[in-house]
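Source file: target_13.csv (CSV, C-alpha atoms)
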```csv
chain,number,residue,atom,x,y,z
D,259,MET,CA,11.6,5.1,2.8
D,260,VAL,CA,9.3,4.9,5.8
D,261,HIS,CA,6.1,5.4,3.8
D,262,LYS,CA,3.6,2.8,5.1
D,263,LYS,CA,2.8,4.2,8.6
D,264,LYS,CA,-0.2,6.1,7.5
D,265,ARG,CA,-1.8,3.0,5.9
D,266,CYS,CA,-0.9,0.8,8.9
D,267,ARG,CA,-2.7,2.9,11.5
D,268,PRO,CA,-6.3,2.2,10.4
D,269,THR,CA,-5.4,-1.4,9.6
D,270,PHE,CA,-4.1,-2.0,13.1
D,271,TRP,CA,-6.9,-0.1,14.8
D,272,LYS,CA,-9.3,-2.5,13.0
D,273,ILE,CA,-7.2,-5.5,14.0
D,274,LYS,CA,-7.2,-4.3,17.7
D,275,LYS,CA,-10.9,-3.5,17.6
D,276,HIS,CA,-11.9,-6.9,16.2
D,277,ARG,CA,-9.1,-8.7,18.1
D,278,SER,CA,-8.3,-10.6,14.9
D,279,THR,CA,-6.0,-10.2,11.9
D,280,GLU,CA,-8.8,-11.4,9.6
D,281,ASP,CA,-7.4,-11.7,6.1
D,282,PHE,CA,-4.6,-9.2,6.5
D,283,SER,CA,-1.1,-10.3,5.6
D,284,SER,CA,2.0,-9.8,7.7
D,285,LEU,CA,4.3,-9.7,4.6
D,286,PRO,CA,4.1,-5.9,4.0
D,287,TYR,CA,5.0,-5.1,7.6
D,288,ILE,CA,7.8,-7.6,7.7
D,289,CYS,CA,9.2,-6.3,4.4
D,290,THR,CA,8.9,-2.7,5.6
D,291,LEU,CA,10.8,-3.6,8.8
D,292,LEU,CA,13.6,-5.1,6.6
D,293,ASN,CA,13.6,-2.0,4.4
D,294,CYS,CA,13.9,0.3,7.4
D,295,SER,CA,16.7,-1.8,8.9
D,296,LEU,CA,18.7,-1.8,5.7
D,297,TRP,CA,18.4,2.0,5.4
D,298,THR,CA,19.3,2.5,9.1
D,299,TYR,CA,22.4,0.4,8.5
D,300,TYR,CA,23.2,2.4,5.4
D,301,GLY,CA,22.8,5.7,7.3
D,302,ILE,CA,25.1,4.5,10.0
D,303,ILE,CA,28.0,3.3,7.8
D,304,LYS,CA,27.8,6.2,5.2
D,305,ALA,CA,29.3,9.5,6.3
D,306,GLY,CA,26.8,12.3,6.7
D,307,GLU,CA,23.7,10.2,6.4
D,308,TYR,CA,22.5,10.5,10.0
D,309,LEU,CA,19.1,11.8,9.0
D,310,VAL,CA,18.5,8.6,7.0
D,311,ALA,CA,19.5,6.5,10.0
D,312,THR,CA,17.3,8.5,12.4
D,313,VAL,CA,14.1,8.4,10.4
D,314,ASN,CA,14.4,4.8,9.5
D,315,GLY,CA,15.4,3.9,13.1
D,316,PHE,CA,12.1,5.3,14.1
D,317,GLY,CA,10.5,3.2,11.4
D,318,ILE,CA,12.1,0.1,12.9
D,319,VAL,CA,10.4,0.9,16.2
D,320,VAL,CA,7.0,1.5,14.6
D,321,GLU,CA,7.1,-1.6,12.4
D,322,THR,CA,8.2,-3.8,15.3
D,323,ILE,CA,5.2,-2.7,17.3
D,324,TYR,CA,2.9,-3.5,14.3
D,325,ILE,CA,4.4,-6.9,13.9
D,326,ILE,CA,4.1,-7.7,17.6
D,327,LEU,CA,0.4,-6.6,17.5
D,328,PHE,CA,-0.1,-8.8,14.4
D,329,LEU,CA,1.4,-11.8,16.2
D,330,ILE,CA,-0.8,-11.2,19.3
D,331,TYR,CA,-4.1,-11.2,17.4
D,332,ALA,CA,-3.2,-13.7,14.6
D,333,PRO,CA,-4.5,-17.3,14.6
D,334,LYS,CA,-1.9,-20.0,15.5
D,335,GLY,CA,-1.2,-21.1,12.0
D,336,VAL,CA,-0.9,-17.5,10.7
D,337,ARG,CA,1.2,-16.6,13.7
D,338,ALA,CA,3.6,-19.5,13.1
D,339,LYS,CA,4.1,-18.5,9.4
D,340,ALA,CA,4.6,-14.8,10.3
D,341,CYS,CA,7.2,-15.8,12.9
D,342,ILE,CA,9.1,-17.9,10.3
D,343,LEU,CA,8.9,-15.1,7.7
D,344,ALA,CA,10.1,-12.5,10.2
D,345,LEU,CA,13.0,-14.6,11.3
D,346,LEU,CA,14.0,-15.4,7.7
D,347,LEU,CA,13.8,-11.8,6.4
D,348,ASP,CA,14.2,-9.5,9.3
D,349,VAL,CA,16.9,-11.6,11.1
D,350,GLY,CA,18.4,-13.9,8.6
D,351,ILE,CA,18.7,-11.7,5.5
D,352,LEU,CA,19.6,-8.6,7.6
D,353,ALA,CA,22.3,-10.4,9.6
D,354,ALA,CA,23.7,-11.9,6.3
D,355,ALA,CA,23.8,-8.5,4.7
D,356,ILE,CA,25.6,-7.0,7.7
D,357,VAL,CA,28.1,-9.8,8.1
D,358,ILE,CA,28.9,-10.1,4.4
D,359,THR,CA,29.4,-6.4,3.9
D,360,GLN,CA,31.5,-6.0,7.0
D,361,ILE,CA,33.8,-8.9,6.1
D,362,ALA,CA,34.0,-8.6,2.3
D,363,LEU,CA,33.6,-4.9,1.6
D,364,HIS,CA,35.0,-1.6,2.9
D,365,GLY,CA,34.3,2.1,2.7
D,366,GLU,CA,32.2,3.3,-0.2
D,367,ALA,CA,31.8,-0.2,-1.6
D,368,ARG,CA,30.2,-1.4,1.6
D,369,SER,CA,27.7,1.5,1.8
D,370,GLY,CA,27.0,1.2,-1.9
D,371,ALA,CA,26.1,-2.4,-1.7
D,372,VAL,CA,23.8,-1.8,1.3
D,373,GLY,CA,22.3,1.1,-0.5
D,374,ILE,CA,21.6,-0.9,-3.6
D,375,MET,CA,19.9,-3.6,-1.6
D,376,GLY,CA,17.7,-1.0,0.1
D,377,ALA,CA,17.0,0.8,-3.1
D,378,GLY,CA,15.9,-2.4,-4.8
D,379,LEU,CA,13.5,-3.3,-2.0
D,380,ASN,CA,12.2,0.3,-2.0
D,381,ILE,CA,11.5,0.2,-5.7
D,382,VAL,CA,9.6,-3.1,-5.2
D,383,MET,CA,7.5,-1.6,-2.4
D,384,TYR,CA,6.9,1.6,-4.4
D,385,SER,CA,5.8,-0.5,-7.4
D,386,SER,CA,3.2,-2.5,-5.4
D,387,PRO,CA,0.2,-0.3,-6.4
D,388,LEU,CA,0.8,-0.9,-10.1
D,389,SER,CA,-1.8,-3.6,-10.2
D,390,VAL,CA,-4.2,-1.3,-8.5
D,391,MET,CA,-3.5,1.4,-11.1
D,392,LYS,CA,-4.3,-1.1,-13.8
D,393,THR,CA,-7.6,-1.8,-12.1
D,394,VAL,CA,-8.4,1.9,-11.9
D,395,VAL,CA,-7.9,2.3,-15.7
D,396,THR,CA,-9.9,-0.9,-16.4
D,397,THR,CA,-12.9,0.0,-14.2
D,398,LYS,CA,-12.6,3.8,-14.5
D,399,SER,CA,-13.0,4.0,-10.8
D,400,VAL,CA,-10.7,4.8,-7.9
D,401,LYS,CA,-12.6,2.7,-5.4
D,402,TYR,CA,-9.6,0.4,-4.7
D,403,MET,CA,-6.9,3.1,-4.7
D,404,PRO,CA,-7.0,5.1,-1.5
D,405,PHE,CA,-6.2,8.8,-2.0
D,406,PHE,CA,-4.0,9.3,1.1
D,407,LEU,CA,-1.9,6.3,0.3
D,408,SER,CA,-1.2,7.7,-3.2
D,409,PHE,CA,-0.6,11.2,-1.7
D,410,PHE,CA,2.0,9.9,0.8
D,411,PHE,CA,3.7,7.9,-1.9
D,412,PHE,CA,4.1,11.1,-3.8
D,413,LEU,CA,5.0,13.2,-0.8
D,414,ASN,CA,7.5,10.7,0.7
D,415,GLY,CA,9.2,10.2,-2.6
D,416,GLY,CA,9.4,13.9,-3.4
D,417,VAL,CA,10.9,14.8,0.0
D,418,TRP,CA,13.6,12.1,-0.1
D,419,LEU,CA,14.3,12.9,-3.8
D,420,LEU,CA,14.9,16.5,-2.9
D,421,TYR,CA,17.2,15.4,0.0
D,422,ALA,CA,19.1,13.1,-2.3
D,423,ILE,CA,19.6,15.9,-4.8
D,424,LEU,CA,20.9,18.2,-2.0
D,425,VAL,CA,23.4,15.7,-0.7
D,426,ARG,CA,24.1,14.3,-4.1
D,427,ASP,CA,23.3,10.7,-3.2
D,428,VAL,CA,22.3,8.7,-6.3
D,429,ILE,CA,21.4,5.6,-4.3
D,430,LEU,CA,18.8,7.6,-2.4
D,431,GLY,CA,17.6,9.5,-5.4
D,432,VAL,CA,16.8,6.5,-7.7
D,433,PRO,CA,14.2,4.6,-5.6
D,434,ASN,CA,12.6,7.8,-4.2
D,435,GLY,CA,12.5,9.4,-7.6
D,436,THR,CA,10.7,6.2,-8.8
D,437,GLY,CA,8.3,6.6,-5.8
D,438,PHE,CA,7.7,10.3,-6.6
D,439,PHE,CA,6.9,9.4,-10.3
D,440,LEU,CA,4.6,6.5,-9.4
D,441,GLY,CA,2.9,8.6,-6.7
D,442,ALA,CA,2.3,11.4,-9.3
D,443,MET,CA,0.8,8.9,-11.7
D,444,GLN,CA,-1.6,7.6,-9.0
D,445,LEU,CA,-2.7,11.2,-8.2
D,446,GLY,CA,-3.2,11.8,-11.9
D,447,LEU,CA,-5.4,8.7,-12.2
D,448,TYR,CA,-7.3,9.8,-9.1
D,449,ALA,CA,-8.0,13.2,-10.6
D,450,ILE,CA,-9.2,11.6,-13.9
D,451,TYR,CA,-11.3,8.8,-12.5
D,452,ARG,CA,-12.4,10.2,-9.1
D,453,ASP,CA,-16.0,10.5,-10.3
D,454,GLY,CA,-16.0,7.0,-11.9
D,455,SER,CA,-17.7,5.2,-8.9
D,456,LYS,CA,-20.4,7.8,-8.8
D,457,ARG,CA,-21.0,7.6,-12.6
D,458,VAL,CA,-21.1,3.8,-12.4
D,459,SER,CA,-23.6,3.8,-9.6
D,460,ASN,CA,-25.8,6.5,-11.3
D,461,ASN,CA,-25.7,4.5,-14.5
D,462,ARG,CA,-26.9,1.4,-12.7
D,463,LEU,CA,-29.6,3.4,-11.0
D,464,GLU,CA,-30.8,4.8,-14.3
D,465,GLU,CA,-30.7,1.3,-15.9
D,466,GLY,CA,-32.9,0.0,-13.0
D,467,LEU,CA,-35.4,2.9,-13.4
D,468,GLN,CA,-35.5,2.3,-17.2
D,469,HIS,CA,-36.2,-1.4,-16.7
D,470,GLU,CA,-38.8,-1.0,-14.0
D,471,PRO,CA,-41.6,0.4,-16.1
D,472,LEU,CA,-41.0,-2.3,-18.7
D,473,MET,CA,-41.4,-4.9,-16.1
D,474,SER,CA,-44.6,-3.2,-14.7
D,475,GLN,CA,-46.0,-2.9,-18.2
D,476,SER,CA,-45.4,-6.5,-19.0
D,477,ASN,CA,-47.1,-7.5,-15.7
D,478,ASN,CA,-50.1,-5.2,-16.5
D,479,GLU,CA,-50.4,-6.7,-20.0
D,480,SER,CA,-50.4,-10.3,-18.5
D,481,HIS,CA,-53.1,-9.3,-16.0
D,482,GLN,CA,-55.2,-7.8,-18.8
D,483,LYS,CA,-54.9,-10.9,-20.9
D,484,GLU,CA,-56.0,-13.0,-17.9
D,485,GLU,CA,-59.0,-10.8,-17.3
D,486,GLU,CA,-60.1,-10.9,-21.0
D,487,ARG,CA,-59.7,-14.7,-21.2
D,488,PRO,CA,-63.2,-16.3,-21.3
D,489,ILE,CA,-64.2,-18.5,-18.4
```

Could you write out this structure as structure tokens?
Amino acid sequence: MVHKKKRCRPTFWKIKKHRSTEDFSSLPYICTLLNCSLWTYYGIIKAGEYLVATVNGFGIVVETIYIILFLIYAPKGVRAKACILALLLDVGILAAAIVITQIALHGEARSGAVGIMGAGLNIVMYSSPLSVMKTVVTTKSVKYMPFFLSFFFFLNGGVWLLYAILVRDVILGVPNGTGFFLGAMQLGLYAIYRDGSKRVSNNRLEEGLQHEPLMSQSNNESHQKEEERPI
């Protein structure tokens, strides 16, 4: 569930240090806030899920702080788009989900509907590194796949999967089982290709060293021809 805090910290230290959001997007933080809000609502309306509500309630606080900092340091145009997006997702969709489920559904049907929405959003968020995994396989390098992000995907998914098994909650188990599986795949790719960047750089260095004598030799030959040429 709340699994992006570790990645957000260095990002926002950089934003605060440079006093600019640069090319960072507000979408991941806005979506994470919606995700935390849905799971907090789920934990409140489902009996015995107070731990889910507590953890994700803390996530709401953290993500709100991140979004506020983003809005402070974002340019006017980016700030306006981020505000519209936050109002649409974190206020509009959340309010609609609460109102509709409160009016139209009751009991297990209500918590089940909210849980499915949260699970769907969770799976999308867990699946976000798939394109990076493809890049790792293609380039045989983990340069663009941070180890700690993969590790916390794996750890977060595993812990919540274990909790879901203990409380027998399928809605919690499916998305976090997906996150655990994808995190394990990322760690596996990291173990396989972790020396890829070094090998690529070494190969380039070797290629440069191999080409250098050839260039020098060709230059020497041209100089010799000029010296031998009759005046």

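Computed from the coordinates, the atom CA of Phe439 of chain D to atom CA of Gly415 of chain D distance equals 8.1 Å.
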
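Counting from atom CA of Thr322 of chain D, the distance to atom CA of Asp427 of chain D is 27.9 Å.
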
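Take the candidates D:Ser385, D:Gln360, D:Ser284, D:Asn314 and check each one against Ala338 of chain D using all atoms listed in the file; the shortest distance goes to D:Ser284.
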
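Omitting Met403 of chain D and its sequence neighbours fewer than 4 positions away, and counting all atoms listed in the file, the residues within 8 Å are Val390, Met391, Val394, Leu407 and Ser408 of chain D.
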
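Interatomic distance, atom CA of Leu388 of chain D to atom CA of Ile429 of chain D: 22.4 Å.
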
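Compared by their closest atoms to Gly317 of chain D, and using only C-alpha atoms, the residues D:Leu296, D:Leu352, D:Ile302, D:Val400 rank with D:Leu296 nearest.
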
(message) Can you tell me which residues surround Val310 of chain D at a distance of at most 12 Å, considering only C-alpha atoms, apart from same-chain residues fewer than 3 positions away, and format the answer as a PyMOL selection string?
(response) chain D and resi 259-260+293-307+313-317+373+376+418+421-422+425+427+430

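Each of D:Leu424, D:Cys289, D:Val372, D:Ile273 was checked against Leu345 of chain D using all atoms listed in the file; the smallest atom-to-atom distance is that of D:Cys289.
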
(message) Restricting the calculation to all atoms listed in the file: of D:Ser283, D:Thr436, D:Asn414, D:Ser399, which residue gets closest to Ala449 of chain D?
(response) D:Ser399

(request) Name all residues at most 7 Å from segment 432-434 of chain D (count only C-alpha atoms; drop same-chain ones fewer than 4 positions away) and give them as a VMD selection string. (result) chain D and resid 377 380 to 381 415 to 416 418 to 419 428 438

Saved selection, atoms kept: C-alpha atoms, as a compact mmCIF listing (two decimals), keeping the file's coordinate frame:
```
# COMPACT_ATOMS: atom_id res chain seq x y z
CA ALA D 377 17.00 0.80 -3.10
CA ASN D 380 12.20 0.30 -2.00
CA ILE D 381 11.50 0.20 -5.70
CA GLY D 415 9.20 10.20 -2.60
CA GLY D 416 9.40 13.90 -3.40
CA TRP D 418 13.60 12.10 -0.10
CA LEU D 419 14.30 12.90 -3.80
CA VAL D 428 22.30 8.70 -6.30
CA PHE D 438 7.70 10.30 -6.60
```

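Comparing D:Val320, D:Ala311, D:Gly365, D:Leu285 by their smallest distance to Cys341 of chain D, the closest is D:Leu285 (using only C-alpha atoms).
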
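Around the point (12.4, -12.1, 14.6), within 12 Å and counting all atoms listed in the file, we find these residues: Ile288, Leu291, Leu292, Glu321, Thr322, Ile325, Ile326, Leu329, Ala338, Lys339, Ala340, Cys341, Ile342, Leu343, Ala344, Leu345, Leu346, Leu347, Asp348, Val349, Gly350, Ile351, Leu352 and Ala353 of chain D.
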
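Residue nearest Ala442 of chain D, chosen from D:Ile330, D:Leu413, D:Val382, D:Val395 and counting all atoms listed in the file: D:Leu413.
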